Amino acid sequence: MALTKKQHVDQKESRQQHQLYQTALLAHHKQPIGFEVAINADASHEGVNPACGDEITVSCEIKHQHEASVITAIAFHGDSCAICRASASIMCQEVQGKTLVETQVMSRQLTGALSTNISMIGELAEQFSPLLMIQQFPVRKQCALLPWNTLMETLKCLPDQP
Amino acid sequence: MALTKKQHVDQKESRQQHQLYQTALLAHHKQPIGFEVAINADASHEGVNPACGDEITVSCEIKHQHEASVITAIAFHGDSCAICRASASIMCQEVQGKTLVETQVMSRQLTGALSTNISMIGELAEQFSPLLMIQQFPVRKQCALLPWNTLMETLKCLPDQP
Amino acid sequence: MSIVSPWKHDFPVYLSHAHPNLCYLDSAATCLTPKHVADAVFHYQCYAHANSHKGLYQLSASVTERVEHAREQVANFIGAHSGENISFNHGTTDAINLVAYSFVEPLLIEKQEGDQANIVISAAEHHANLLPWQRLAQQYNVELRIAPLNKDGTINQANLSALLDSDTIFLAITHCSNVLGLMNPVANICRIARNKGIPTLIDGAQAICKGAVDVSEIDCDFYVFSAHKIYGPTGCGVLYAKGSLFDSMRPYQLGGGVIESVNYQQSRFITGPLKFEPGSHNVAAIVGLIEAIDYMTDISWHDVNQYIDNLANYMHSELENLPFYQPLIKRGDSNEKEKISTLVSFQVKKVHCHDIASLLDNDGIAIRAGHHCAQPLHQTLGVNASIRASLGLYNDVSDIDKLVASLTTAHKMMSL
Amino acid sequence: MSIVSPWKHDFPVYLSHAHPNLCYLDSAATCLTPKHVADAVFHYQCYAHANSHKGLYQLSASVTERVEHAREQVANFIGAHSGENISFNHGTTDAINLVAYSFVEPLLIEKQEGDQANIVISAAEHHANLLPWQRLAQQYNVELRIAPLNKDGTINQANLSALLDSDTIFLAITHCSNVLGLMNPVANICRIARNKGIPTLIDGAQAICKGAVDVSEIDCDFYVFSAHKIYGPTGCGVLYAKGSLFDSMRPYQLGGGVIESVNYQQSRFITGPLKFEPGSHNVAAIVGLIEAIDYMTDISWHDVNQYIDNLANYMHSELENLPFYQPLIKRGDSNEKEKISTLVSFQVKKVHCHDIASLLDNDGIAIRAGHHCAQPLHQTLGVNASIRASLGLYNDVSDIDKLVASLTTAHKMMSL
Ligand SMILES: Cc1ncc(COP(=O)(O)O)c(C=O)c1O
Ligand SMILES: Cc1ncc(COP(=O)(O)O)c(C=O)c1O
């Protein structure tokens with residue numbers, strides 16, 4: 001018998017938690033991109049999540065290429081939960097080689113998606129798919145956003161851009 | 001059919017309030033003894049009930065007779081509720097001609113009876129019968145005790161006794 | 001007007017096994033509780049209780065969400081911009097003391113030695129909106145100015161305006177006096193204050209039960225009220241603060257949940273309304289408040305207000321017919337809508353208020369006697385105490401008729 | 001030990017239509033509510049609610065009597081001399097802030113410029129018993145001294161004693177840490193302080209649920225706790241003050257019911273515990289607290305404690321078998337009765353506490369992760385956060401077994 005819509009939702013809900021710590025997220029947690037990587041940082045900043053004590057430091061190397069500032073290298077370190085670590089890892093993967101403007105847009109999109117429960121679609125949804133289930137765990141959103149908030153603070157520390 | 005004990009109590013309870021404002025008490029309220037009577041006061045004191053704003057001033061004339069200090073005249077005035085007025089009236093009736101020591105004992109007995117719910121017996125019960133029902137209205141006890149507390153304060157104002 | 005209040009059956013206290021003959025006329029002190037609210041609190045305690053804002057587990061996360069959603073609902077109810085402008089506490093008294101400590105005292109501390117300063121309140125304040133300001137005024141040796149009242153018991157705007165000057169650091173007035181009952185023109189008053197750069201607090205304890213409060217329209221800096229005066233449970237109060245005022249205020253009580261980080265020697269505090277909610281939230285009471293608001297909205301504020309206003313008119317007319325009736329404030333002839341007070345404070349000629357209350361109690365009438373926590377106002381009006389009858393949505397014509405009959409008997413019995 | 005807690009069915013949250021599989025291990029944060037308590041609160045709100053201490057009518061007089069009787073019952077429960085030593089407030093946090101303002105700050109104000117002074121607390125305090133003292137210390141520029149802990153997590157008496165000197169104006173310590181769980185020897189500590197003339201406050205938030213508190217034996221000056229940590233409702237706290245201390249303290253929050261007389265310019269305050277209870281009492285919560293105490297007394301504190309201690313022993317042993325289990329404090333070998341902690345805070349090797357909490361939540365296990373409002377203590381112990389499991393009378397062996405199984409899976413899944 002096919003599932004009714006309601007049953008479908010119920011089933012989905014009972015699997016929620018595993019979806020939070022799904023394989024893709026765990027992969028980032030276990031082998032995080034950019035974690036404790038040595039780079040020639042132009043700026044770095046430490047972010048703290050007061051609610052849980054997570055600490056993360058994000059560092060960037062910025063180059064001026066074709067009229068724009070580009071993140072040529074990015075790394076992070078610190079003591080944080082798996083959600084935060086995985087989110088930082090995905091962040092490092094995605095922003096490497098992006099311009100500051102592109103990075104800011106991406107940050108705003110992710111923050112918006114997580115805080116307003118608007119579904120992510122298209123490319124964005126693909127890039128951040130390991131984090132999508134966090135929408136259903138409001139208390140953990142801050143964990144996923146900490147790397148991004150910290151990156152935004154890091155960029156503010158840059159010497160003025162042309 | 002005779003009333004069972006329980007029924008008796010119920011009946012009694014439903015008549016409680018009228019018993020509070022019973023005829024004897026109303027008589028004192030309407031024609032209070034010692035109210036606004038002019039005496040040659042040796043001491044007087046104003047008492048206030050903060051809970052309801054009642055104010056009463058008690059004045060006494062004291063004489064030394066047969067080795068004891070005796071209240072030879074007593075009066076009160078002020079703005080107060082019927083319970084307080086009636087209690088003051090009964091007080092004036094009862095302490096007139098009594099020694100200070102007798103007065104203090106009486107005050108203590110009445111206060112004790114009202115605050116511990118111990119039934120008054122014998123002469124005391126007779127003297128204070130209009131006030132007896134107050135035991136069942138805790139919030140009004142202060143009204144009945146205000147004249148007595150004020151009298152005790154008045155006596156403290158006396159020049160030292162021999 | 002229907003003979004029996006259409007909402008009376010929502011209040012279990014009137015059930016036959018409880019107090020079927022209760023004639024409750026003390027809603028200005030506290031409202032009786034509708035079953036909806038008691039049920040919601042019961043349900044929360046039994047099935048949903050956990051610590052909010054601290055646990056990661058679902059039970060706790062749901063409670064957190066409930067509290068945060070409650071902020072939005074309250075904001076919506078009083079026309080606030082957002083839930084971020086709403087902080088929960090334990091009652092109007094708690095909220096006013098908080099503002100005194102967290103917002104006003106720092107202003108006084110800032111003042112240089114020798115600087116003039118004053119705080120302005122009205123002559124009609126409840127002790128809760130008088131004593132905290134009196135204490136601050138004494139402590140910092142500044143003036144506490146008292147705005148006088150009009151003949152109808154409302155605050156005199158012209159006189160108030162004259163009291164506000166460049167040394168005024170705060171204005172705290174009641175939206176509606178709990179003794180006199182008419183609504184003050186707080187939007188006007190706040191405009192006057194704003195033009196002089198003076199921050200304002202409105203005590204909404206009595207006004208809130210009319211359901212039509214709009215803090216954005218009033219444009220005050222702070223608005224406070226208690227859940228139990230709007231058919232909610234005891235133990236919950238609301239503090240509204242405009243814009244980002246919360247962030248500029250120092251924390252009040254300190255405890256769990258207000259810090260971003262702390263070591264033994266120093267602390268960094270969080271921002272937002274949570275900064276003023278240390279320790280465990282009284283979630284049961286917050287849940288009850290929301291249920292009360294929902295209940296009232298469902299049955300329609302408009303219908304309830306119309307009903308109570310009609311009943312109040314009947315009450316005033318009936319009482320005015322009694323030869324021994326001495327209201328603290330005489331009703332004007334104007335029949336304007338805003339001029340209907342749903343409570344009345346009065347004396348019975350030559351009979352003490354407490355005797356009246358006791359005698360009425362014998363007839364099952366619950367009525368307040370005393371100074372109603374507004375002793376200076378009573379002094380101003382030249383009396384020690386008064387009797388107050390105040391209406392709720394469970395009252396009906398029969399309550400007024402009982403009141404009038406019982407007053408008549410009492411007067412006959414007690415008058416000298 | 002029985003398989004299912006004999007009292008579990010008193011807690012509706014476990015009913016089949018609610019959360020039958022809930023494994024609640026966060027009682028140190030807040031206790032689940034027995035139906036008795038929820039019923040008592042419901043009944044009060046529905047059938048008995050009125051304003052206490054202000055109305056002369058029966059409904060109000062009964063509520064007043066109930067509150068005053070509750071004082072006696074609480075006094076009796078904690079071995080206080082009389083109900084006059086008990087003041088109700090909104091929680092432990094509220095109570096400690098009250099003592100800081102009403103009792104300790106005046107002592108600091110009295111100190112002459114340049115006088116030395118210090119306040120002593122322990123390293124194991126909850127933020128509620130740290131932040132108010134830290135603020136006072138900063139404001140008056142006096143020292144906040146931190147008594148260190150023994151290896152077992154209790155306060156080191158010798159070191160504490162050395163910190164107390166003639167400049168010490170107050171000692172505030174916890175009866176039992178909410179992170180470490182062992183009872184401190186507060187009677188001894190208070191004796192030391194008393195001999196040096198130093199007033200004491202004991203934070204009983206965690207100790208109260210053992211039911212055996214005797215403030216006369218401890219002989220502290222103040223003792224504080226919250227109803228919700230002893231199976232009562234949210235929103236009610238208790239402040240015990242010895243002898244006639246209440247009378248020597250200045251009032252804290254100001255509002256209705258605390259004055260003997262007031263005019264616009266000045267006030268005279270009443271005496272006794274009511275001086276610290278301005279505004280409307282949260283009677284519903286007080287009623288709930290009394291019901292909770294009665295419930296526990298009826299089912300027998302002794303039986304409950306024995307049951308929970310046995311369960312705690314099982315919990316410690318089972319956890320200690322796990323290779324990845326890293327408790328903040330290692331259990332000693334001593335099997336003394338007082339040495340059983342009914343809670344435990346630990347880490348899972350190489351796995352972040354928040355991930356553990358989330359993964360356990362998926363198995364219906366409600367467990368706390370974080371610094372549990374004791375951040376400096378965690379720093380002292382060299383960690384950021386921990387996982388805490390705490391027991392209530394509804395827990396049983398199956399809860400521990402679930403916890404152990406779920407921890408094992410989570411560790412396997414997350415470890416790097
Ligand atoms: C030891 C200790 N002190 C104080 C508190 C604060 O209690 P409440 O939140 O009820 O004010 C708690 C509970 O969180 C505690 O465990
Ligand atoms: C106008 C006004 N302000 C303040 C209060 C105090 O409210 P609460 O006792 O809930 O703190 C009241 C009610 O007593 C009131 O009527």
# chains A, B, ... in the order shown; residues from 1 in each chain; ligands from 1
call {"tool": "interface_residues", "arguments": {"of": "chain C", "to": "chain A", "cutoff": "10 Å", "atoms": "only C-alpha atoms", "output": "compact mmCIF listing (two decimals) with all heavy atoms, in the first residue's frame"}}
result
# COMPACT_ATOMS: atom_id res chain seq x y z
N HIS C 53 15.65 26.63 26.63
CA HIS C 53 16.88 27.35 26.29
C HIS C 53 18.15 26.67 26.72
O HIS C 53 19.20 27.27 26.69
CB HIS C 53 16.85 28.77 26.88
CG HIS C 53 15.78 29.61 26.26
ND1 HIS C 53 14.51 29.69 26.78
CD2 HIS C 53 15.78 30.37 25.16
CE1 HIS C 53 13.76 30.48 26.04
NE2 HIS C 53 14.51 30.91 25.04
N LYS C 54 18.08 25.45 27.22
CA LYS C 54 19.32 24.85 27.65
C LYS C 54 19.54 23.45 27.12
O LYS C 54 20.68 23.05 26.91
CB LYS C 54 19.41 24.87 29.18
CG LYS C 54 19.95 26.20 29.66
CD LYS C 54 19.40 26.65 30.99
CE LYS C 54 19.57 28.14 31.15
NZ LYS C 54 18.68 28.70 32.16
N GLY C 55 18.49 22.69 26.92
CA GLY C 55 18.65 21.32 26.45
C GLY C 55 18.67 21.24 24.94
O GLY C 55 18.06 22.05 24.24
N LEU C 56 19.40 20.28 24.40
CA LEU C 56 19.42 20.06 22.95
C LEU C 56 18.38 19.02 22.55
O LEU C 56 18.08 18.85 21.39
CB LEU C 56 20.80 19.56 22.52
CG LEU C 56 21.95 20.54 22.63
CD1 LEU C 56 23.26 19.87 22.28
CD2 LEU C 56 21.70 21.74 21.72
N TYR C 57 17.84 18.32 23.54
CA TYR C 57 16.88 17.26 23.23
C TYR C 57 15.51 17.84 22.86
O TYR C 57 15.20 18.98 23.19
CB TYR C 57 16.77 16.26 24.37
CG TYR C 57 16.56 16.86 25.74
CD1 TYR C 57 15.27 17.14 26.21
CD2 TYR C 57 17.62 17.15 26.57
CE1 TYR C 57 15.07 17.67 27.47
CE2 TYR C 57 17.43 17.70 27.83
CZ TYR C 57 16.15 17.96 28.28
OH TYR C 57 15.96 18.50 29.51
N GLN C 58 14.74 17.05 22.16
CA GLN C 58 13.49 17.53 21.60
C GLN C 58 12.55 18.14 22.62
O GLN C 58 11.96 19.19 22.40
CB GLN C 58 12.76 16.38 20.86
CG GLN C 58 13.35 16.07 19.51
CD GLN C 58 13.36 17.27 18.58
OE1 GLN C 58 12.34 17.91 18.37
NE2 GLN C 58 14.53 17.60 18.04
N SER C 60 13.10 19.63 25.38
CA SER C 60 13.58 20.96 25.76
C SER C 60 13.53 21.93 24.58
O SER C 60 13.13 23.09 24.73
CB SER C 60 15.00 20.85 26.30
OG SER C 60 15.56 22.12 26.50
N ALA C 61 13.90 21.44 23.40
CA ALA C 61 13.88 22.31 22.21
C ALA C 61 12.47 22.79 21.91
O ALA C 61 12.26 23.94 21.52
CB ALA C 61 14.47 21.57 21.01
N SER C 62 11.48 21.92 22.13
CA SER C 62 10.09 22.33 21.90
C SER C 62 9.69 23.42 22.88
O SER C 62 8.95 24.34 22.53
CB SER C 62 9.12 21.17 22.08
OG SER C 62 9.57 20.03 21.44
N THR C 64 11.71 25.58 24.32
CA THR C 64 12.39 26.79 23.88
C THR C 64 11.61 27.46 22.75
O THR C 64 11.36 28.67 22.77
CB THR C 64 13.81 26.45 23.38
OG1 THR C 64 14.48 25.72 24.39
CG2 THR C 64 14.59 27.71 23.05
N GLU C 65 11.22 26.63 21.79
CA GLU C 65 10.49 27.17 20.64
C GLU C 65 9.19 27.82 21.09
O GLU C 65 8.76 28.84 20.57
CB GLU C 65 10.19 26.04 19.66
CG GLU C 65 10.70 26.30 18.27
CD GLU C 65 10.37 25.16 17.35
OE1 GLU C 65 11.07 24.13 17.47
OE2 GLU C 65 9.43 25.28 16.54
N GLY C 257 22.01 31.64 32.01
CA GLY C 257 21.37 32.00 30.75
C GLY C 257 21.53 33.43 30.31
O GLY C 257 21.05 33.80 29.25
N ILE C 259 24.66 35.06 30.25
CA ILE C 259 26.03 35.41 29.88
C ILE C 259 26.46 34.72 28.59
O ILE C 259 25.96 33.66 28.22
CB ILE C 259 27.05 35.04 30.98
CG1 ILE C 259 26.85 33.59 31.42
CG2 ILE C 259 26.99 35.98 32.14
CD1 ILE C 259 27.70 32.62 30.77
N GLU C 260 27.36 35.39 27.90
CA GLU C 260 27.96 34.83 26.71
C GLU C 260 29.16 34.02 27.16
O GLU C 260 29.41 32.93 26.67
CB GLU C 260 28.40 35.97 25.80
CG GLU C 260 28.47 35.59 24.36
CD GLU C 260 28.61 36.83 23.50
OE1 GLU C 260 27.60 37.49 23.28
OE2 GLU C 260 29.74 37.12 23.08
N SER C 261 29.91 34.58 28.09
CA SER C 261 31.02 33.85 28.68
C SER C 261 31.31 34.45 30.03
O SER C 261 31.06 35.62 30.27
CB SER C 261 32.26 33.95 27.79
OG SER C 261 32.76 35.26 27.82
N ARG C 268 30.70 38.42 30.22
CA ARG C 268 30.17 39.13 29.05
C ARG C 268 28.73 38.71 28.89
O ARG C 268 28.42 37.52 28.86
CB ARG C 268 30.97 38.76 27.80
CG ARG C 268 32.00 39.77 27.43
CD ARG C 268 32.32 39.93 25.94
NE ARG C 268 31.96 38.83 25.09
CZ ARG C 268 32.82 37.89 24.68
NH1 ARG C 268 34.07 37.90 25.07
NH2 ARG C 268 32.42 36.95 23.86
N PHE C 269 27.83 39.67 28.80
CA PHE C 269 26.42 39.35 28.75
C PHE C 269 25.91 39.19 27.33
O PHE C 269 26.47 39.75 26.39
CB PHE C 269 25.61 40.41 29.49
CG PHE C 269 25.93 40.40 30.96
CD1 PHE C 269 26.88 41.25 31.49
CD2 PHE C 269 25.30 39.49 31.80
CE1 PHE C 269 27.19 41.22 32.85
CE2 PHE C 269 25.61 39.44 33.15
CZ PHE C 269 26.56 40.30 33.67
N ILE C 270 24.86 38.40 27.18
CA ILE C 270 24.24 38.24 25.87
C ILE C 270 23.42 39.48 25.55
O ILE C 270 23.27 40.37 26.38
CB ILE C 270 23.33 37.00 25.82
CG1 ILE C 270 22.24 37.09 26.90
CG2 ILE C 270 24.13 35.73 26.00
CD1 ILE C 270 21.17 36.04 26.75
call {"tool": "residues_near_ligand", "arguments": {"ligand": "ligand 2", "cutoff": "10 Å", "atoms": "only C-alpha atoms and all ligand atoms", "output": "CSV table (one decimal) with N, CA and C atoms, in the first residue's frame"}}
result
chain,number,residue,atom,x,y,z
C,27,SER,N,-12.2,41.8,39.6
C,27,SER,CA,-11.4,41.4,38.5
C,27,SER,C,-10.2,42.4,38.3
C,28,ALA,N,-10.3,43.6,38.9
C,28,ALA,CA,-9.2,44.5,38.7
C,28,ALA,C,-8.0,44.1,39.6
C,29,ALA,N,-8.3,43.3,40.6
C,29,ALA,CA,-7.2,42.7,41.5
C,29,ALA,C,-6.6,41.5,40.8
C,30,THR,N,-7.5,40.6,40.4
C,30,THR,CA,-7.0,39.4,39.6
C,30,THR,C,-8.2,38.8,38.9
C,89,ASN,N,8.8,38.2,32.5
C,89,ASN,CA,9.2,38.2,33.9
C,89,ASN,C,8.1,37.7,34.8
C,90,HIS,N,8.0,38.2,36.0
C,90,HIS,CA,7.1,37.6,36.9
C,90,HIS,C,5.8,38.4,37.2
C,91,GLY,N,5.8,39.6,36.6
C,91,GLY,CA,4.6,40.5,36.8
C,91,GLY,C,5.0,41.9,36.6
C,92,THR,N,3.9,42.7,36.6
C,92,THR,CA,4.1,44.2,36.4
C,92,THR,C,5.1,44.8,37.4
C,93,THR,N,5.0,44.3,38.7
C,93,THR,CA,5.9,44.8,39.7
C,93,THR,C,7.3,44.5,39.4
C,94,ASP,N,7.6,43.3,39.0
C,94,ASP,CA,8.9,42.9,38.6
C,94,ASP,C,9.4,43.7,37.5
C,95,ALA,N,8.6,43.9,36.5
C,95,ALA,CA,9.0,44.6,35.3
C,95,ALA,C,9.3,46.0,35.6
C,96,ILE,N,8.5,46.7,36.4
C,96,ILE,CA,8.8,48.1,36.7
C,96,ILE,C,10.1,48.2,37.5
C,97,ASN,N,10.3,47.3,38.4
C,97,ASN,CA,11.6,47.3,39.2
C,97,ASN,C,12.8,47.1,38.3
C,124,ALA,N,-2.1,59.2,40.2
C,124,ALA,CA,-3.0,58.0,40.3
C,124,ALA,C,-2.2,56.7,40.2
C,125,GLU,N,-0.9,56.7,40.5
C,125,GLU,CA,-0.2,55.4,40.3
C,125,GLU,C,-0.4,54.4,41.4
C,126,HIS,N,-0.5,53.2,41.0
C,126,HIS,CA,-0.4,52.0,41.9
C,126,HIS,C,1.0,52.0,42.6
C,127,HIS,N,1.1,51.5,43.8
C,127,HIS,CA,2.3,51.5,44.5
C,127,HIS,C,3.5,50.9,43.7
C,128,ALA,N,3.1,50.0,42.8
C,128,ALA,CA,4.2,49.3,42.0
C,128,ALA,C,4.8,50.4,41.0
C,129,ASN,N,4.1,51.4,40.7
C,129,ASN,CA,4.6,52.4,39.8
C,129,ASN,C,4.9,53.7,40.5
C,130,LEU,N,5.0,53.6,41.8
C,130,LEU,CA,5.3,54.8,42.6
C,130,LEU,C,6.6,54.5,43.5
C,173,ILE,N,3.8,56.5,33.8
C,173,ILE,CA,2.4,56.7,34.2
C,173,ILE,C,1.6,55.5,33.8
C,174,THR,N,0.4,55.4,34.5
C,174,THR,CA,-0.5,54.3,34.2
C,174,THR,C,-1.4,54.6,33.0
C,175,HIS,N,-1.6,53.5,32.3
C,175,HIS,CA,-2.5,53.6,31.1
C,175,HIS,C,-4.0,53.8,31.7
C,176,CYS,N,-4.2,53.2,32.8
C,176,CYS,CA,-5.5,53.2,33.4
C,176,CYS,C,-5.4,53.0,34.9
C,177,SER,N,-5.9,53.8,35.7
C,177,SER,CA,-5.8,53.7,37.2
C,177,SER,C,-6.6,52.5,37.7
C,178,ASN,N,-6.1,51.8,38.6
C,178,ASN,CA,-6.8,50.7,39.2
C,178,ASN,C,-7.9,51.1,40.2
C,179,VAL,N,-7.9,52.4,40.4
C,179,VAL,CA,-8.9,53.0,41.4
C,179,VAL,C,-10.0,53.8,40.7
C,181,GLY,N,-10.2,54.1,36.9
C,181,GLY,CA,-10.7,53.3,35.8
C,181,GLY,C,-10.8,53.9,34.5
C,202,ILE,N,4.8,52.9,30.4
C,202,ILE,CA,3.3,52.9,30.6
C,202,ILE,C,3.0,51.6,31.4
C,203,ASP,N,2.3,51.8,32.6
C,203,ASP,CA,1.9,50.7,33.4
C,203,ASP,C,0.5,50.2,32.8
C,204,GLY,N,0.6,49.1,32.1
C,204,GLY,CA,-0.6,48.6,31.4
C,204,GLY,C,-1.4,47.6,32.2
C,205,ALA,N,-1.1,47.4,33.5
C,205,ALA,CA,-1.7,46.3,34.3
C,205,ALA,C,-3.2,46.3,34.1
C,206,GLN,N,-3.9,47.5,34.2
C,206,GLN,CA,-5.3,47.6,34.1
C,206,GLN,C,-5.8,47.7,32.7
C,207,ALA,N,-5.0,48.3,31.8
C,207,ALA,CA,-5.5,48.6,30.4
C,207,ALA,C,-5.5,47.3,29.6
C,224,VAL,N,4.3,47.6,30.3
C,224,VAL,CA,4.4,46.5,31.2
C,224,VAL,C,3.0,46.0,31.6
C,225,PHE,N,2.8,44.7,31.7
C,225,PHE,CA,1.5,44.2,32.2
C,225,PHE,C,1.7,42.8,32.8
C,226,SER,N,0.7,42.3,33.5
C,226,SER,CA,0.7,41.0,34.1
C,226,SER,C,-0.3,40.0,33.5
C,227,ALA,N,0.0,38.8,33.3
C,227,ALA,CA,-0.9,37.8,32.7
C,227,ALA,C,-2.2,37.6,33.5
C,228,HIS,N,-2.1,37.7,34.9
C,228,HIS,CA,-3.2,37.4,35.7
C,228,HIS,C,-4.3,38.4,35.6
C,229,LYS,N,-4.1,39.5,35.0
C,229,LYS,CA,-5.1,40.6,34.9
C,229,LYS,C,-5.8,40.5,33.5
C,234,THR,N,-1.2,33.3,37.3
C,234,THR,CA,-0.3,34.1,38.2
C,234,THR,C,1.2,33.8,37.8
C,235,GLY,N,2.0,34.7,38.1
C,235,GLY,CA,3.5,34.5,38.0
C,235,GLY,C,4.1,34.8,36.6
C,236,CYS,N,3.4,35.5,35.8
C,236,CYS,CA,4.0,35.9,34.5
C,236,CYS,C,3.7,37.4,34.2
C,237,GLY,N,4.7,38.1,33.8
C,237,GLY,CA,4.6,39.5,33.4
C,237,GLY,C,5.3,39.7,32.1
C,238,VAL,N,5.0,40.8,31.5
C,238,VAL,CA,5.5,41.1,30.2
C,238,VAL,C,6.2,42.5,30.3
C,372,HIS,N,-6.4,49.8,47.9
C,372,HIS,CA,-6.1,49.2,46.6
C,372,HIS,C,-4.7,49.5,46.1
C,373,CYS,N,-3.7,49.5,47.0
C,373,CYS,CA,-2.4,49.8,46.7
C,373,CYS,C,-2.2,51.1,46.0
C,374,ALA,N,-3.0,52.1,46.4
C,374,ALA,CA,-2.9,53.4,45.9
C,374,ALA,C,-3.3,54.4,47.0
D,51,ASN,N,-6.9,37.1,44.7
D,51,ASN,CA,-5.7,37.7,45.2
D,51,ASN,C,-5.6,37.5,46.7
D,54,LYS,N,-5.1,40.7,50.3
D,54,LYS,CA,-5.7,42.0,50.0
D,54,LYS,C,-7.2,42.0,50.2
D,254,LEU,N,10.0,46.8,44.9
D,254,LEU,CA,9.0,47.5,45.6
D,254,LEU,C,7.7,47.5,44.8
D,255,GLY,N,6.6,47.4,45.6
D,255,GLY,CA,5.3,47.4,44.9
D,255,GLY,C,4.2,47.2,46.0
D,256,GLY,N,3.0,46.8,45.5
D,256,GLY,CA,1.9,46.6,46.4
D,256,GLY,C,2.2,45.6,47.5
D,257,GLY,N,1.7,45.9,48.7
D,257,GLY,CA,1.7,45.0,49.8
D,257,GLY,C,3.0,45.0,50.7
D,277,GLU,N,7.8,40.3,49.3
D,277,GLU,CA,6.9,39.7,48.4
D,277,GLU,C,5.9,40.8,47.8
D,278,PRO,N,6.5,41.7,47.0
D,278,PRO,CA,5.6,42.8,46.5
D,278,PRO,C,4.8,42.2,45.3
D,279,GLY,N,3.7,42.9,45.1
D,279,GLY,CA,2.8,42.5,44.0
D,279,GLY,C,2.0,41.2,44.3
D,280,SER,N,1.4,40.7,43.3
D,280,SER,CA,0.5,39.6,43.4
D,280,SER,C,1.3,38.3,43.7
D,281,HIS,N,1.0,37.5,44.7
D,281,HIS,CA,1.7,36.3,44.9
D,281,HIS,C,1.4,35.3,43.7
D,282,ASN,N,2.4,34.5,43.5
D,282,ASN,CA,2.2,33.4,42.5
D,282,ASN,C,1.6,32.2,43.3
call {"tool": "residues_around", "arguments": {"residues": "Lys30 (chain A)", "least_positions_apart": "5", "cutoff": "10 Å", "atoms": "only C-alpha atoms", "output": "VMD selection string"}}
result
(chain A and resid 25 82 85 to 86 89) or (chain D and resid 414 to 416)
call {"tool": "select_by_dssp", "arguments": {"residues": "region 69-273 of chain C", "states": "strand (DSSP E or B)", "output": "ChimeraX atom specification"}}
result
/C:86-89,118-122,143-147,149,155,168-174,176,183,200-203,222-226,237-241,259-262,267-269
call {"tool": "select_by_dssp", "arguments": {"residues": "region 60-133 of chain C", "states": "helix (DSSP H, G or I)", "output": "PyMOL selection string"}}
result
chain C and resi 60-77+83-85+92-110+127-129+131-133
call {"tool": "atom_distance", "arguments": {"atom1": "CA of Pro273 (chain C)", "atom2": "CA of Ala75 (chain C)"}}
result
12.4 Å
call {"tool": "residues_around", "arguments": {"residues": "Thr72 (chain B)", "least_positions_apart": "4", "cutoff": "7 Å", "atoms": "only C-alpha atoms", "output": "number ranges by chain"}}
result
B: 61-63, 96-97
call {"tool": "residues_around", "arguments": {"residues": "Gly272 (chain C)", "least_positions_apart": "4", "cutoff": "8 Å", "atoms": "only C-alpha atoms", "output": "list in words"}}
result
Glu84, Asn85, Phe246 and Asp247 of chain C
call {"tool": "residues_around", "arguments": {"residues": "Ser386 (chain C)", "least_positions_apart": "2", "cutoff": "7 Å", "atoms": "only C-alpha atoms", "output": "list of chain:residue names"}}
result
C:Ser345, C:Phe346, C:Gln347, C:Cys353, C:Ala369, C:Gly370, C:His371, C:Arg388
